[in-house]
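Shown next: final.txt, given as compact mmCIF, C-alpha atoms.
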```txt
# COMPACT_ATOMS: atom_id res chain seq x y z
CA MET S 1 2.09 -15.17 14.56
CA SER S 2 0.11 -17.62 12.46
CA ASP S 3 -1.21 -17.23 8.95
CA ASP S 4 -4.69 -17.91 10.35
CA ASN S 5 -4.38 -14.87 12.63
CA PHE S 6 -3.53 -12.61 9.70
CA ARG S 7 -6.32 -14.04 7.53
CA ASP S 8 -8.80 -13.73 10.43
CA LEU S 9 -7.80 -10.09 11.05
CA ALA S 10 -8.04 -9.31 7.31
CA ALA S 11 -11.50 -10.90 7.04
CA ALA S 12 -12.69 -8.99 10.11
CA ALA S 13 -11.31 -5.71 8.70
CA GLU S 14 -13.05 -6.32 5.38
CA LYS S 15 -16.32 -7.00 7.17
CA ASP S 16 -16.11 -4.03 9.56
CA PRO S 17 -13.27 -1.62 8.71
CA ALA S 18 -14.39 0.89 11.37
CA ALA S 19 -13.64 -1.64 14.12
CA ALA S 20 -10.35 -2.85 12.65
CA ASP S 21 -6.92 -2.28 14.13
CA PHE S 22 -5.03 -1.59 10.90
CA PRO S 23 -1.56 -1.25 12.46
CA ALA S 24 -2.04 -4.70 14.06
CA LEU S 25 -3.34 -6.09 10.75
CA ARG S 26 -0.32 -4.73 8.88
CA GLN S 27 2.08 -6.25 11.43
CA ALA S 28 0.24 -9.58 11.31
CA TYR S 29 0.68 -9.54 7.54
CA ILE S 30 4.44 -8.94 7.85
CA ASP S 31 4.69 -11.76 10.39
CA SER S 32 2.63 -14.22 8.34
CA PRO S 33 3.73 -16.74 5.71
CA ASP S 34 1.43 -14.79 3.32
CA TYR S 35 3.79 -11.80 3.40
CA ARG S 36 4.86 -11.15 -0.20
CA PRO S 37 5.63 -7.45 -0.66
CA THR S 38 6.79 -8.03 -4.22
CA THR S 39 3.26 -8.97 -5.33
CA HIS S 40 1.75 -5.57 -4.52
CA PHE S 41 0.60 -3.68 -7.59
CA SER S 42 1.75 -0.19 -8.47
CA HIS S 43 -0.85 2.12 -9.97
CA ALA S 44 0.76 1.83 -13.41
CA LYS S 45 1.00 -1.98 -13.27
CA LEU S 46 -2.61 -2.26 -12.11
CA LYS S 47 -3.78 0.11 -14.84
CA GLY S 48 -1.90 -1.92 -17.47
CA ASN S 49 -3.41 -5.16 -16.19
CA THR S 50 -6.98 -3.82 -16.28
CA ASN S 51 -6.86 -2.18 -19.72
CA HIS S 52 -8.33 -5.38 -21.19
CA CYS S 53 -11.42 -5.13 -18.97
CA ALA S 54 -14.52 -4.28 -20.98
CA ASN S 55 -16.46 -2.77 -18.07
CA PHE S 56 -16.33 -2.01 -14.37
CA ASP S 57 -17.79 -5.41 -13.47
CA GLU S 58 -14.67 -6.98 -14.99
CA VAL S 59 -12.44 -4.48 -13.17
CA ALA S 60 -14.12 -5.39 -9.87
CA ILE S 61 -13.69 -9.12 -10.56
CA PHE S 62 -10.00 -8.59 -11.41
CA CYS S 63 -9.41 -6.57 -8.21
CA LYS S 64 -11.24 -9.11 -6.04
CA LYS S 65 -9.02 -11.84 -7.49
CA ILE S 66 -5.91 -9.88 -6.50
CA LEU S 67 -7.31 -9.17 -3.03
CA ASN S 68 -8.28 -12.79 -2.49
CA ASP S 69 -4.61 -13.65 -2.92
CA ASN S 70 -3.28 -10.54 -1.16
CA PRO S 71 -5.85 -8.60 0.90
CA MET S 72 -3.23 -5.96 1.72
CA ASP S 73 -2.75 -4.66 -1.85
CA LEU S 74 -3.63 -0.98 -1.41
CA GLU S 75 -3.78 -0.02 -5.11
CA ALA S 76 -6.07 -2.97 -5.94
CA ARG S 77 -8.36 -1.99 -3.09
CA MET S 78 -8.44 1.64 -4.24
CA LEU S 79 -9.35 0.58 -7.78
CA LEU S 80 -12.03 -1.77 -6.42
CA GLU S 81 -13.55 1.17 -4.54
CA PHE S 82 -13.63 3.17 -7.78
CA ALA S 83 -15.21 0.26 -9.69
CA TYR S 84 -17.91 -0.17 -7.03
CA ASP S 85 -18.61 3.56 -7.18
CA GLN S 86 -18.94 3.46 -10.98
CA LEU S 87 -21.26 0.45 -10.65
CA GLU S 88 -23.33 2.42 -8.12
CA GLN S 89 -22.76 -0.26 -5.51
CA HIS S 90 -22.49 2.43 -2.87
CA ASP S 91 -22.47 0.20 0.22
CA LEU S 92 -19.59 -1.85 -1.17
CA ALA S 93 -17.77 1.34 -2.26
CA ALA S 94 -18.19 2.88 1.21
CA ASN S 95 -16.96 -0.28 2.94
CA THR S 96 -13.95 -0.51 0.60
CA HIS S 97 -13.25 3.20 1.12
CA ALA S 98 -13.24 2.67 4.89
CA PHE S 99 -10.69 -0.14 4.50
CA VAL S 100 -8.49 2.06 2.27
CA ALA S 101 -8.78 4.94 4.75
CA GLY S 102 -7.76 2.61 7.59
CA MET S 103 -4.71 1.43 5.66
CA LEU S 104 -3.68 4.98 4.73
CA ASP S 105 -4.22 6.21 8.30
CA ALA S 106 -2.04 3.37 9.61
CA ILE S 107 0.76 4.49 7.30
CA TYR S 108 0.31 8.19 8.08
CA HIS S 109 0.21 7.58 11.83
CA SER S 110 3.28 5.32 11.78
CA GLY S 111 5.44 8.46 11.59
CA GLN S 112 5.67 12.02 10.38
CA GLY S 113 8.13 11.00 7.66
CA ASP S 114 10.53 13.91 7.93
CA LEU S 115 13.48 11.98 9.43
CA THR S 116 14.62 8.37 9.72
CA GLU S 117 13.45 8.43 13.35
CA THR S 118 9.95 9.40 12.24
CA ALA S 119 9.82 7.45 8.95
CA ARG S 120 6.48 6.14 7.78
CA SER S 121 6.36 2.33 7.78
CA VAL S 122 5.25 0.53 4.64
CA VAL S 123 4.65 -3.17 4.08
CA ALA S 124 5.57 -2.90 0.38
CA VAL S 125 7.52 -0.40 -1.67
CA ALA S 126 4.44 0.10 -3.86
CA GLU S 127 2.78 1.78 -0.86
CA GLU S 128 5.38 4.56 -0.97
CA TYR S 129 4.25 5.56 -4.44
CA THR S 130 0.60 5.32 -3.43
CA ILE S 131 1.25 7.70 -0.52
CA LEU S 132 3.08 10.15 -2.79
CA SER S 133 0.19 10.05 -5.26
CA VAL S 134 -2.45 10.56 -2.57
CA MET S 135 -0.42 13.49 -1.20
CA GLY S 136 -0.19 15.05 -4.67
CA LEU S 137 3.59 14.71 -4.81
CA LYS S 138 5.94 13.83 -7.64
CA MET S 139 9.17 12.02 -6.84
CA ILE S 140 12.32 13.70 -8.12
CA GLU S 141 14.90 11.44 -6.52
CA GLN S 142 15.07 8.33 -4.38
CA ALA S 143 17.84 7.12 -2.10
CA LEU S 144 18.22 4.01 0.03
CA ILE S 145 19.91 4.44 3.38
CA GLU S 146 20.69 2.05 6.21
CA GLN S 147 20.81 3.28 9.78
CA ASP S 148 21.07 1.17 12.92
CA GLY S 149 20.07 -2.01 11.09
CA ARG S 150 16.95 -0.47 9.52
CA TYR S 151 16.42 0.46 5.88
CA TYR S 152 14.83 3.65 4.61
CA ASP S 153 13.84 5.10 1.28
CA VAL S 154 14.29 8.85 1.14
CA MET S 155 11.98 10.26 -1.50
CA THR S 156 12.78 13.79 -2.60
CA CYS S 157 9.52 15.23 -3.93
CA LYS S 158 7.73 18.31 -5.15
CA PRO S 159 4.03 19.02 -5.37
CA ARG S 160 2.75 17.85 -8.75
CA GLY S 161 2.59 20.73 -11.22
CA GLN S 162 4.76 23.05 -9.09
CA ALA S 163 8.24 22.86 -10.63
CA GLU S 164 9.37 25.98 -8.74
CA ALA S 165 8.41 24.61 -5.32
CA ASP S 166 11.15 23.69 -2.89
CA PRO S 167 11.75 19.94 -2.74
CA ILE S 168 10.90 18.03 0.41
CA ASP S 169 12.27 14.74 1.67
CA LEU S 170 9.93 12.02 2.89
CA TYR S 171 11.34 9.03 4.76
CA PHE S 172 9.81 5.57 4.54
CA ASP S 173 10.86 2.65 6.70
CA ILE S 174 11.19 -0.22 4.23
CA THR S 175 12.90 -2.64 6.61
CA ALA S 176 10.20 -5.32 6.25
CA PRO S 177 10.12 -5.44 2.42
CA TYR S 178 13.89 -4.94 2.16
CA THR S 179 14.55 -7.83 4.56
CA TYR S 180 12.06 -9.99 2.64
CA LEU S 181 13.93 -9.31 -0.62
CA GLN S 182 17.29 -10.12 0.98
CA HIS S 183 16.00 -13.52 2.12
CA MET S 184 13.83 -14.34 -0.90
CA PRO S 185 14.64 -17.69 -2.46
CA GLU S 186 16.01 -17.43 -5.98
```
Would you write out, as structure tokens, the structure that this file holds?
Amino acid sequence: MSDDNFRDLAAAAEKDPAAADFPALRQAYIDSPDYRPTTHFSHAKLKGNTNHCANFDEVAIFCKKILNDNPMDLEARMLLEFAYDQLEQHDLAANTHAFVAGMLDAIYHSGQGDLTETARSVVAVAEEYTILSVMGLKMIEQALIEQDGRYYDVMTCKPRGQAEADPIDLYFDITAPYTYLQHMPE
């Protein structure tokens, strides 16, 4: 799959998220030379990098810069949606929200996440933490397992603020980012 195909799919999804095939877009990203899962921002890293911004216009500019380089960065896109909302640019916020929803739905629908066989597929490890946050979960423990040539993160979690709740395990298929890291030039 060519880089142009990924970039074309990403541009089309940004223009009309409702018509986008997000699972195909995510796979095109993995297959493209643009695939760099290590460049995805975590919420904490993104927050730290935007603390210098004086206003939401600057936050939006910062996020758009990130997304120009990596249109698949979920945390940057979520923060951009928030910035647009604060700037009362409601059409842009709604469009960005639709893109975020498409990305999240693609992850949720990739598997139930309760076993390795039903693990949710992520294109970057940062997406695991985004999913946990969106689901209102706090990670207690993380384990990496390999099974049949695939790699999984098992995240043992509890609902945030419910220390007495029974822990649950969520499985994420991290084969794509794990393989990338194993073959990354030093």
At a cut-off of 10 Å, can you tabulate as CSV every residue of segment 120-151 of chain S near segment 87-110 of chain S together with its closest atom pair and the distance in Å to one decimal, using all atoms listed in the file and ordering rows by chain then number?
```
residue,atom,partner,partner_atom,distance
S:Arg120,CA,S:Ser110,CA,5.2
S:Ser121,CA,S:Ser110,CA,5.9
S:Val122,CA,S:Ile107,CA,6.6
S:Val123,CA,S:Ile107,CA,9.2
S:Glu127,CA,S:Ile107,CA,8.8
S:Glu128,CA,S:Ile107,CA,9.5
S:Thr130,CA,S:Leu104,CA,9.2
S:Ile131,CA,S:Leu104,CA,7.7
S:Val134,CA,S:Leu104,CA,9.3
```
Tell me, in Å to one decimal, how far atom CA of Cys53 of chain S is from atom CA of Met78 of chain S. 16.5 Å
List every protein, DNA or RNA residue that has at least one atom no more than 10 Å from (4.8, 13.0, 5.0) in the file's coordinates, counting only C-alpha atoms, and write the result as an MDAnalysis selection string. chainID S and resid 107:109 111:115 118:120 131:132 135 168:172
Separating atom CA of Asp31 of chain S from atom CA of Asp69 of chain S, to the nearest tenth of an Å, is a gap of 16.3 Å
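Between atom CA of Leu9 of chain S and atom CA of Arg26 of chain S the interatomic distance comes to 9.5 Å.
Residue nearest Tyr180 of chain S, chosen from S:Arg36, S:Arg7, S:Lys15, S:His52 and counting all atoms listed in the file: S:Arg36.
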